[in-house]
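> Can you keep this structure in mind? I'll have questions shortly.
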Amino acid sequence: MAALVAAAARRLRRAIRRSLAWRGPSHRLLSSEPPAAKASAVRAAFLNFFRDRHGHRLVPSASVRPRGDPSLLFVNAGMNQFKPIFLGTVDPRSEMAGFRRVANSQKCVRAGGRHNDLEDVGRDLSHHTFFEMLGNWAFGGEYFKEEACSMAWELLTQVYGIPTERLWVSYFDGDPKAGLEPDLETRDIWLSLGVPATRVLSFGPQENFWEMGNTGPCGPCTEIHYDLAGGVGAPQLVELWNLVFMQHNREADGSLQPLPQWHVDTGMGLERLVAVLQGKHSTYDTDLFSPLLHAIQQGDAYPELQRNSAQISNLVLEDEAAFLASLERGRRIIDRTLRTLGPSDMFPAEVAWSLSLSGDLGLPLDMVELMLEEKGVQLDSTGLERLAQEAAQHQARQAEPVQKQGLWLDVHALGELQRQGVPPTDSSPKYNYSLRPNGSYEFGTCEAQVLQLYTEDGTAVASVGKGQRCGLLLDRTNFYAEQGGQASDRGYLVRVGQEDVLFPVARAQVCGGFILHEAVAPECLQIGDQVQLHVDKAWRLACMAKHTATHLLNWALRQTLGPGTEQQGSHLNPEQLRLDVTTQTALTPERLRAVENTVQEAVQQDKPVYMEEVPLALTAQVPGLRCLDEVYPDPVRVVSVGVPVAHALDPASQAALQTSVELCCGTHLLRTGAVGDLVIIGDRQLSKGTTRLLAITGEQAQQARELGQNLAQEVKAATERLSQGSRDVAEALRLSKDIGRLIEAVETSVMPQWQRRELLATLKMLQRRANTAIRKLQMGQAAKKTQELLERHSKGPLIVDTVSAESLSVLVKVVRQLCEQAPSTSVLLLSPQSMGKVLCACQVAQGAMPTFTAEAWALAVCSHMGGKAWGSRVVAQGTGSTTDLEAALSTARAYALSQL
C-alpha cells in the first residue's frame with residue numbers, strides 16, 4: 001500500500017506542476033455525469049452557497065489594476081484586495097474592517113506575484129492569462145481548517161455533485177529547515193470527511209505552503225484535485241481548489257513567526273470547475289469561451305467593462321497592431337541573423353536583447369525564446385543574463401532615490417495593540433484649522449497622551465532616552481499621516497509643563513488605524529506622558545495648497561480632455577505635485593495650456609472649498625463624482641470646490657459635473673485663491689494611455705512662467721539672427737552653438753511644459769536651418785580655397801600645403817574638392833589653429849593605392865606633430881600640435897614620395 005501511495009504521490013506532483021492531462025485534445029469526457037448548468041449558474045451556485053448556507057458576505061470583484069500596491073503588476077488572486085486585513089493595516093473606519101466571512105468571484109491576470117504559473121499559459125488547456133477566481137475567506141479566526149474543508153467538500157460533492165471517488169486532496173508535509181511540523185490536523189479532517197487515506201497525500205513547501213510574497217502572511221495549504229481518468233488506469237489529476245491557512249508571517253530576515261490572528265484564504269479557478277462540470281476536455285470548450293464575443297458584449301458580472309467598452313476595444317486594437325508589426329519585424333531580424341550563423345552557433349544575446357521589451361523592438365524575451373525554439377536554435381542565455389544585469393544596474397543608477405523606510409508597526413505589533421484593546425488614534429484634530437480675515441491660516445495645537453513607545457527596530461518599550469530615535473503612539477494627534485498621496489506632516493511636540501524642550505517629529509505614518517510618529521528624544525520620554533503637538537505650519541500649508549491644486553488639476557483635465565480621463569494616482573509634498581491620469585486624448589501643448597488656464601480661472605475666483613464627512617452610501621450614485629477604485633472609510637470625507645457638499649451630492653443637482661468633487665481624507669485650503677498659480681512643468685508616458693504630470697504652485701509657478709518668457713525671448717532673438725543670415729562660417733557656428741545651449745536650457749529648466757514643447761520644436765527647426773546654412777557656407781568657403789590652391793600648384797601627383805579653415809569638416813571638404821578637380825593628385829592639407837593646434841586632412845588618388853593609403857599618410861604626419869589620425873585608405877584626418885609647420889609639411893612630402 002505504501003508503494004502505491006508513493007507512486008500516486010509522484011504522479012500527483014507531476015500533475016500539479018504541469019497538468020499534463022490537459023495539454024492536448026481527448027475524446028473522453030472529463031466526467032461521466034450529464035453536463036451541468038452553464039458557467040453563470042456555476043458561479044452563482046458558489047456565491048449563493050457561501051452566502052445562504054454559511055453566512056458569507058458577497059463583495060464585488062476588484063479592478064485588475066492594483067490600487068496602492070506597487071508590489072503587484074496586476075491583481076493575480078482573489079485575496080489581493082484583502083491584503084490590508086492580512087497585514088493588519090486596514091483602516092478601522094472602513095467597511096473592510098468589519099469583514100469576517102466574505103466570498104466573491106475575482107477577475108485576475110496571471111502576471112506578477114509569487115504564485116502565477118505564467119510560463120504554463122499556452123502550453124496546456126487549463127492555464128489562462130486572464131482568469132476568474134472563486135474564493136471564500138474567514139478573517140481573524142472566524143473559522144479555520146475544519147470548517148473550511150467541510151464547506152469545500154460539501155459544495156463540491158453535494159451542490160455540484162462531483163463523485164467523491166474522483167477527488168484527491170493534498171496537505172502540507174512540514175518543513176524541518178523552517179521548523180514547521182506536518183499539518184496532521186488537516187490530514188485528519190479529510191479522513192474524517194470520508195476521503196480514503198490512499199487519496200490523501202502530503203507534499204512539502206513548494207506545493208503546499210502558500211506565501212503572499214517575500215515577506216508577509218503565509219501558511220500551509222491543502223489542495224483539492226480532480227481525477228480526469230475516473231478510475232481507468234493511473235490517476236490524471238488537475239488542481240481545482242486551494243485552501244490556504246494563514247498562520248505565519250514571513251519576516252524580513254526570512255524567519256517565520258506566528259500571526260496574532262489566523263485567516264482562511266481559498267481560491268478555485270472557475271474555468272477548470274466549469275470544464276469538470278460540463279464534461280469538457282478543455283477549458284476553452286466550455287461556455288465561458290466558445291461564445292467569447294457574445295459573452296464579452298454581455299463580460300454583466302463586471303459592469304465597468306461595459307462602461308469602458310470603446311476605450312478597451314481601441315486599446316486592444318492599437319496594441320494588437322503594434323505587437324503584430326513588432327512580431328513581423330522581429331521574425332525578419334531573426335531569420336537574417338540565422339543565415340549568418342553556423343550549424344552549432346548559439347543565437348547572439350545582443351540580438352535577442354534588442355528584440356525584447358527590455359531592448360528596443362518590443363518583443364517579450366519568452367516570445368523570442370519560443371520563436372528560436374521552433375527553429376531548433378539555442379539562445380546564448382549566459383550573455384543574455386549579463387545584458388539583463390547591466391540594464392538593471394543602469395536602471396538602478398537612473399532611478400529616483402527611494403525614500404528611506406521609517407519606523408513601522410508590523411503585523412505582530414498591531415496584533416498586540418488590538419489584543420490590549422488599544423483604540424485607533426483619533427486623528428480628527430488634523431482638520432482643526434481656520435482662515436483668518438487677513439488670509440493667513442491658524443493651526444490649533446493638540447494635547448495627547450503617550451500610549452506606547454517603540455525603538456528603531458520596532459520593539460515596544462516603556463521609555464526612551466536622550467538622543468534616541470523612536471516611534472510614538474498617542475491617543476490623538478493633529479499630524480497628518482502620509483496617505484492618499486499627501487506627504488506626512490512634520491513639526492514637534494513638547495511635554496506639558498516643559499515647553500522649552502522640543503521633540504522634533506520627522507513624519508507620521510498610519511498603520512492599521514494607529515498613527516505612529518517618528519521623533520528624536522532630546523530627553524527621556526515615557527508611556528503616560530502628556531504632550532502637546534505642533535505641526536510645521538509652512539509645511540502643512542504648502543501641502544494643503546498642493547492637494548487642493550491636485551483636485552483642480554484633475555477636474556481641469558476632465559474638462560479639457562473629456563470624461564474618459566481618470567486619475568490613477570497622485571503624490572504631493574510642499575515642493576511639487578504628481579498626478580497620473582489615463583486618457584485617450586493626446587496631451588498637446590495647446591491642451592496642456594488650456595488645462596492650466598482652467599485651473600487659473602478657479603484660483604482667481606477664490607472659490608470656497610467645502611469639506612464634510614458623509615455616509616459612504618450617499619456618494620454611490622452621484623454623477624461625475626471623482627473617486628479612486630479603493631476602500632474608503634465610512635463615513636467618508638467629501639471635498640467640493642465652490643459648491644456645498646450637500647448640494648454636490650444631490651443627484652438632481654448635476655453640480656459634481658461642473659466642479660471638482662472628490663472623496664478625500666487629505667487636508668485642503670479653505671479657499672482656492674491661496675494656490676496662487678499652477679504650472680505643469682513635466683509630463684511623461686508611463687504606459688499606453690497613462691501619463692504622469694508634474695506641477696508646481698504659488699511663487700514657484702510664477703518663477704517658472706517668468707523663466708519661460710525669458711527663454712521665449714531668447715528663442716525669438718535666435719530666430720531673428722538666423723533670418724538675417726551669417727557672413728561667414730565662424731558666425732554661423734557661433735549661432736549653432738547658441739541654439740544648442742538654448743535647447744539644453746529649455747530641456748532642463750523649470751518652466752511650463754506646454755511652452756517647453758513649443759520652444760523645443762522651434763529650436764530644433766532652427767538647428768536644422770543653422771546646420772544647413774553652415775554646410776552651404778563651408779562648401780562656398782571650400783570652393784574658394786580650392787581654386788586658390790589649384791592656382792598655386794601646377795599639375796602633378798602631389799599637393800601638400802597649408803590653408804586656413806575654421807573646422808576639420810571644412811578642411812576635409814577642400815581636400816575632396818581638390819581631388820575631384822584633379823583626380824590623379826594625392827592631397828594633404830594642414831590648417832593651423834590657435835594655441836599651436838594643427839588640423840590635418842588628406843586623400844590619396846585611386847591610382848596610387850594600395851601601396852599608398854590616406855590613413856597611413858595622416859598617421860605619419862600627425863604622429864610627427866604628437867597627435868593622432870583616423871580614416872580609411874582613401875580619406876583620412878587627424879590633429880596634432882606644432883609651431884614648425886614647415887617640418888610637418890616636409891614630413892608629409894617625404895612620406896608621400898617614398899610611397900608613390
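We label chains A, B, ... in the order they appear in the C-alpha cells, count residues from 1 in each chain, and number ligands from 1 in the order shown.
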Which residues of range 304-368 of chain A come within 12 Å of range 564-579 of chain A, and what is each one's closest atom pair and distance in Å (one decimal), counting only C-alpha atoms, sorted by chain and residue number, as JSON lines?


{"residue": "A:Arg307", "atom": "CA", "partner": "A:Gly564", "partner_atom": "CA", "distance": 10.1}
{"residue": "A:Asn308", "atom": "CA", "partner": "A:Gly564", "partner_atom": "CA", "distance": 8.4}
{"residue": "A:Ser309", "atom": "CA", "partner": "A:Gly564", "partner_atom": "CA", "distance": 11.4}
{"residue": "A:Ala310", "atom": "CA", "partner": "A:Gly564", "partner_atom": "CA", "distance": 10.2}
{"residue": "A:Gln311", "atom": "CA", "partner": "A:Gly564", "partner_atom": "CA", "distance": 8.3}
{"residue": "A:Ile312", "atom": "CA", "partner": "A:Gly564", "partner_atom": "CA", "distance": 11.4}

> For the residues in that selection, give me all heavy atoms as a PDB file, in the first residue's frame.


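In the end it all went to out.pdb:
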ATOM      1  N   ARG A 307     -19.024  49.786 -19.418  1.00  0.00           N
ATOM      2  CA  ARG A 307     -18.940  51.257 -19.459  1.00  0.00           C
ATOM      3  C   ARG A 307     -17.746  51.723 -20.283  1.00  0.00           C
ATOM      4  O   ARG A 307     -17.801  52.739 -20.951  1.00  0.00           O
ATOM      5  CB  ARG A 307     -18.829  51.813 -18.034  1.00  0.00           C
ATOM      6  CG  ARG A 307     -20.080  51.710 -17.204  1.00  0.00           C
ATOM      7  CD  ARG A 307     -19.989  52.633 -16.005  1.00  0.00           C
ATOM      8  NE  ARG A 307     -18.825  52.354 -15.187  1.00  0.00           N
ATOM      9  CZ  ARG A 307     -18.819  51.515 -14.149  1.00  0.00           C
ATOM     10  NH1 ARG A 307     -19.928  50.861 -13.835  1.00  0.00           N
ATOM     11  NH2 ARG A 307     -17.731  51.309 -13.434  1.00  0.00           N
ATOM     12  N   ASN A 308     -16.657  50.967 -20.215  1.00  0.00           N
ATOM     13  CA  ASN A 308     -15.422  51.383 -20.882  1.00  0.00           C
ATOM     14  C   ASN A 308     -15.142  50.547 -22.124  1.00  0.00           C
ATOM     15  O   ASN A 308     -13.991  50.394 -22.532  1.00  0.00           O
ATOM     16  CB  ASN A 308     -14.233  51.270 -19.911  1.00  0.00           C
ATOM     17  CG  ASN A 308     -14.406  52.138 -18.692  1.00  0.00           C
ATOM     18  OD1 ASN A 308     -14.817  53.279 -18.806  1.00  0.00           O
ATOM     19  ND2 ASN A 308     -14.119  51.599 -17.529  1.00  0.00           N
ATOM     20  N   SER A 309     -16.198  49.986 -22.743  1.00  0.00           N
ATOM     21  CA  SER A 309     -16.002  49.055 -23.851  1.00  0.00           C
ATOM     22  C   SER A 309     -15.270  49.701 -25.036  1.00  0.00           C
ATOM     23  O   SER A 309     -14.393  49.083 -25.653  1.00  0.00           O
ATOM     24  CB  SER A 309     -17.350  48.493 -24.311  1.00  0.00           C
ATOM     25  OG  SER A 309     -18.216  49.552 -24.718  1.00  0.00           O
ATOM     26  N   ALA A 310     -15.617  50.942 -25.371  1.00  0.00           N
ATOM     27  CA  ALA A 310     -14.968  51.602 -26.508  1.00  0.00           C
ATOM     28  C   ALA A 310     -13.484  51.822 -26.250  1.00  0.00           C
ATOM     29  O   ALA A 310     -12.637  51.573 -27.113  1.00  0.00           O
ATOM     30  CB  ALA A 310     -15.663  52.937 -26.802  1.00  0.00           C
ATOM     31  N   GLN A 311     -13.180  52.271 -25.035  1.00  0.00           N
ATOM     32  CA  GLN A 311     -11.783  52.504 -24.675  1.00  0.00           C
ATOM     33  C   GLN A 311     -10.996  51.197 -24.690  1.00  0.00           C
ATOM     34  O   GLN A 311      -9.873  51.131 -25.217  1.00  0.00           O
ATOM     35  CB  GLN A 311     -11.714  53.137 -23.289  1.00  0.00           C
ATOM     36  CG  GLN A 311     -10.296  53.385 -22.787  1.00  0.00           C
ATOM     37  CD  GLN A 311     -10.292  53.960 -21.387  1.00  0.00           C
ATOM     38  OE1 GLN A 311     -11.322  54.328 -20.854  1.00  0.00           O
ATOM     39  NE2 GLN A 311      -9.133  54.017 -20.775  1.00  0.00           N
ATOM     40  N   ILE A 312     -11.586  50.128 -24.146  1.00  0.00           N
ATOM     41  CA  ILE A 312     -10.918  48.829 -24.120  1.00  0.00           C
ATOM     42  C   ILE A 312     -10.681  48.334 -25.540  1.00  0.00           C
ATOM     43  O   ILE A 312      -9.594  47.852 -25.883  1.00  0.00           O
ATOM     44  CB  ILE A 312     -11.754  47.820 -23.317  1.00  0.00           C
ATOM     45  CG1 ILE A 312     -11.799  48.224 -21.835  1.00  0.00           C
ATOM     46  CG2 ILE A 312     -11.195  46.405 -23.454  1.00  0.00           C
ATOM     47  CD1 ILE A 312     -12.780  47.432 -21.014  1.00  0.00           C
TER      48      ILE A 312
END

> Give the alpha helix (DSSP H) residues of range 442-672 of chain A, as assigned by DSSP on the backbone, as a PyMOL selection string.

chain A and resi 537-561+589-604+645-648

> Please list as a PyMOL selection string every residue within 6 Å of Ile681 in chain A, counting only C-alpha atoms and excluding residues in the same chain fewer than 4 positions away.

chain A and resi 694-695+751-753

> Take the residues that were just selected and, keeping all heavy atoms, output them as a PDB file, in the first residue's frame.


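As written to disk, result-v4.pdb reads:
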ATOM      1  N   LEU A 694       3.728  66.482 -13.710  1.00  0.00           N
ATOM      2  CA  LEU A 694       4.346  67.149 -12.568  1.00  0.00           C
ATOM      3  C   LEU A 694       3.949  68.614 -12.611  1.00  0.00           C
ATOM      4  O   LEU A 694       3.939  69.232 -13.678  1.00  0.00           O
ATOM      5  CB  LEU A 694       5.866  67.025 -12.616  1.00  0.00           C
ATOM      6  CG  LEU A 694       6.458  65.622 -12.510  1.00  0.00           C
ATOM      7  CD1 LEU A 694       7.977  65.687 -12.601  1.00  0.00           C
ATOM      8  CD2 LEU A 694       6.046  64.941 -11.214  1.00  0.00           C
ATOM      9  N   ALA A 695       3.609  69.184 -11.445  1.00  0.00           N
ATOM     10  CA  ALA A 695       3.172  70.579 -11.415  1.00  0.00           C
ATOM     11  C   ALA A 695       3.655  71.247 -10.139  1.00  0.00           C
ATOM     12  O   ALA A 695       3.939  70.594  -9.132  1.00  0.00           O
ATOM     13  CB  ALA A 695       1.644  70.658 -11.516  1.00  0.00           C
ATOM     14  N   MET A 751       9.866  75.184 -16.135  1.00  0.00           N
ATOM     15  CA  MET A 751       9.058  76.118 -16.906  1.00  0.00           C
ATOM     16  C   MET A 751       7.784  75.410 -17.349  1.00  0.00           C
ATOM     17  O   MET A 751       7.662  74.188 -17.212  1.00  0.00           O
ATOM     18  CB  MET A 751       9.846  76.608 -18.130  1.00  0.00           C
ATOM     19  CG  MET A 751      10.220  75.497 -19.091  1.00  0.00           C
ATOM     20  SD  MET A 751      11.157  76.049 -20.521  1.00  0.00           S
ATOM     21  CE  MET A 751       9.977  77.105 -21.342  1.00  0.00           C
ATOM     22  N   PRO A 752       6.799  76.127 -17.866  1.00  0.00           N
ATOM     23  CA  PRO A 752       5.574  75.475 -18.341  1.00  0.00           C
ATOM     24  C   PRO A 752       5.881  74.432 -19.409  1.00  0.00           C
ATOM     25  O   PRO A 752       6.596  74.710 -20.389  1.00  0.00           O
ATOM     26  CB  PRO A 752       4.751  76.637 -18.902  1.00  0.00           C
ATOM     27  CG  PRO A 752       5.236  77.830 -18.154  1.00  0.00           C
ATOM     28  CD  PRO A 752       6.700  77.608 -17.943  1.00  0.00           C
ATOM     29  N   GLN A 753       5.314  73.240 -19.242  1.00  0.00           N
ATOM     30  CA  GLN A 753       5.606  72.154 -20.171  1.00  0.00           C
ATOM     31  C   GLN A 753       5.084  72.442 -21.572  1.00  0.00           C
ATOM     32  O   GLN A 753       5.730  72.081 -22.561  1.00  0.00           O
ATOM     33  CB  GLN A 753       5.017  70.842 -19.639  1.00  0.00           C
ATOM     34  CG  GLN A 753       5.316  69.619 -20.479  1.00  0.00           C
ATOM     35  CD  GLN A 753       6.779  69.222 -20.462  1.00  0.00           C
ATOM     36  OE1 GLN A 753       7.593  69.866 -19.831  1.00  0.00           O
ATOM     37  NE2 GLN A 753       7.115  68.161 -21.172  1.00  0.00           N
TER      38      GLN A 753
END

> With 9 Å as the cut-off and only C-alpha atoms counted, what is the closest atom pair between each nearby residue of range 455-512 of chain A and range 664-676 of chain A? Distances in Å to one decimal, ordered by chain and number, as a tab-separated table.


residue	atom	partner	partner_atom	distance
A:Tyr480	CA	A:Thr667	CA	7.8
A:Gln483	CA	A:Gly666	CA	7.9
A:Gly484	CA	A:Gly666	CA	6.8
A:Gly485	CA	A:Gly666	CA	8.5
A:Gln486	CA	A:Gly666	CA	6.7

> Could you jot down the CA of Ala892 in chain A to CA of Ala858 in chain A separation for me, Å, one decimal place?

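That distance, rounded to one decimal, is 8.2 Å.
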
> Tell me, as a list in words, which residues lie within 12 Å of Ala349 in chain A, counting only C-alpha atoms; anything in the same chain fewer than 4 positions away does not count.

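Neighbouring residues, sequence-local ones excluded: Ile334, Thr337, Asp345, Trp353, Ser354, Leu355, Ser356, Gly359, Leu365, Val368, Glu369, Gln378, Leu379, Asp380, Ser381, Thr382, Gly383, Leu384, Glu385, Arg386, Leu387 and Ala388 of chain A.
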
> Report, in Å to a single decimal, how far apart CA of Arg199 in chain A and CA of Gly179 in chain A are.

26.4 Å

> Residues at most 12 Å from Arg775 in chain A, counting only C-alpha atoms, excluding those fewer than 2 positions away in the same chain, as a ChimeraX atom specification?

/A:726,728-730,732-733,736,768-773,777-782,807,809-810,813

> Given only C-alpha atoms, how would the per-residue table for range 720-803 of chain A near range 827-849 of chain A read, listing every residue at most 12 Å away with its closest atom pair and distance in Å to one decimal, sorted by chain and number, as a Markdown table?


| residue | atom | partner | partner_atom | distance |
| --- | --- | --- | --- | --- |
| A:Lys785 | CA | A:Leu829 | CA | 11.3 |
| A:Thr786 | CA | A:Leu829 | CA | 11.0 |
| A:Leu789 | CA | A:Leu829 | CA | 10.2 |
| A:Leu790 | CA | A:Val827 | CA | 11.2 |
| A:His793 | CA | A:Val827 | CA | 11.1 |
| A:Lys795 | CA | A:Val827 | CA | 11.9 |
| A:Gly796 | CA | A:Val827 | CA | 10.5 |
| A:Pro797 | CA | A:Ala845 | CA | 8.4 |
| A:Leu798 | CA | A:Val827 | CA | 6.0 |
| A:Ile799 | CA | A:Val827 | CA | 4.8 |
| A:Val800 | CA | A:Leu828 | CA | 5.0 |
| A:Asp801 | CA | A:Leu829 | CA | 5.2 |
| A:Thr802 | CA | A:Leu830 | CA | 4.6 |
| A:Val803 | CA | A:Ser831 | CA | 5.2 |

> Which of range 563-710 of chain A counts as strand (DSSP E) under DSSP, as a PyMOL selection string please?

chain A and resi 566-572+577-582+609-614+636-641+661-663+678-687+690-697

> May I ask which of the residues A:Ala413, A:Gln498, A:Asn314, A:His128 is the closest one to Ser282 in chain A, counting only C-alpha atoms?

A:His128

> Using only C-alpha atoms, which of A:Pro563, A:Gly254, A:Gly698, A:Gly465 sits nearest Gln658 in chain A?

A:Pro563

> Which of these residues is nearest to Gly562 in chain A, using only C-alpha atoms: A:Leu72, A:Leu657, A:Ala234, A:Ile515?

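Using only C-alpha atoms, Gly562 in chain A sits closest to A:Leu657.
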
> Any idea what's packed within 8 Å of range 95-109 of chain A, counting only C-alpha atoms, ignoring anything in its chain fewer than 4 positions away? Could you give it as a PyMOL selection string?

chain A and resi 43+47+50-51+55-64+74-78+82+85+90-91+129-140+142+631-634

> Pick out the residues sitting within 10 Å of Met246 in chain A, and hand them over as an NGL selection string; count only C-alpha atoms, and ignore anything fewer than 2 positions along from it in its own chain.

:A and (86 or 139-141 or 144 or 209-212 or 217-221 or 243-244 or 248-249 or 258-259 or 261-265)

> Which one of A:Val496, A:Ala652, A:Leu472, A:Ile696 sits closest to Ala549 in chain A if you count only C-alpha atoms?

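So, comparing all the options, the nearest one is A:Ile696.
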
> Let me make sure I understand: among A:Thr222, A:Thr425, A:Thr748, A:Asn242, which one has the smallest atom-to-atom distance to Trp190 in chain A if we use only C-alpha atoms?

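So, comparing all the options, the nearest one is A:Thr222.
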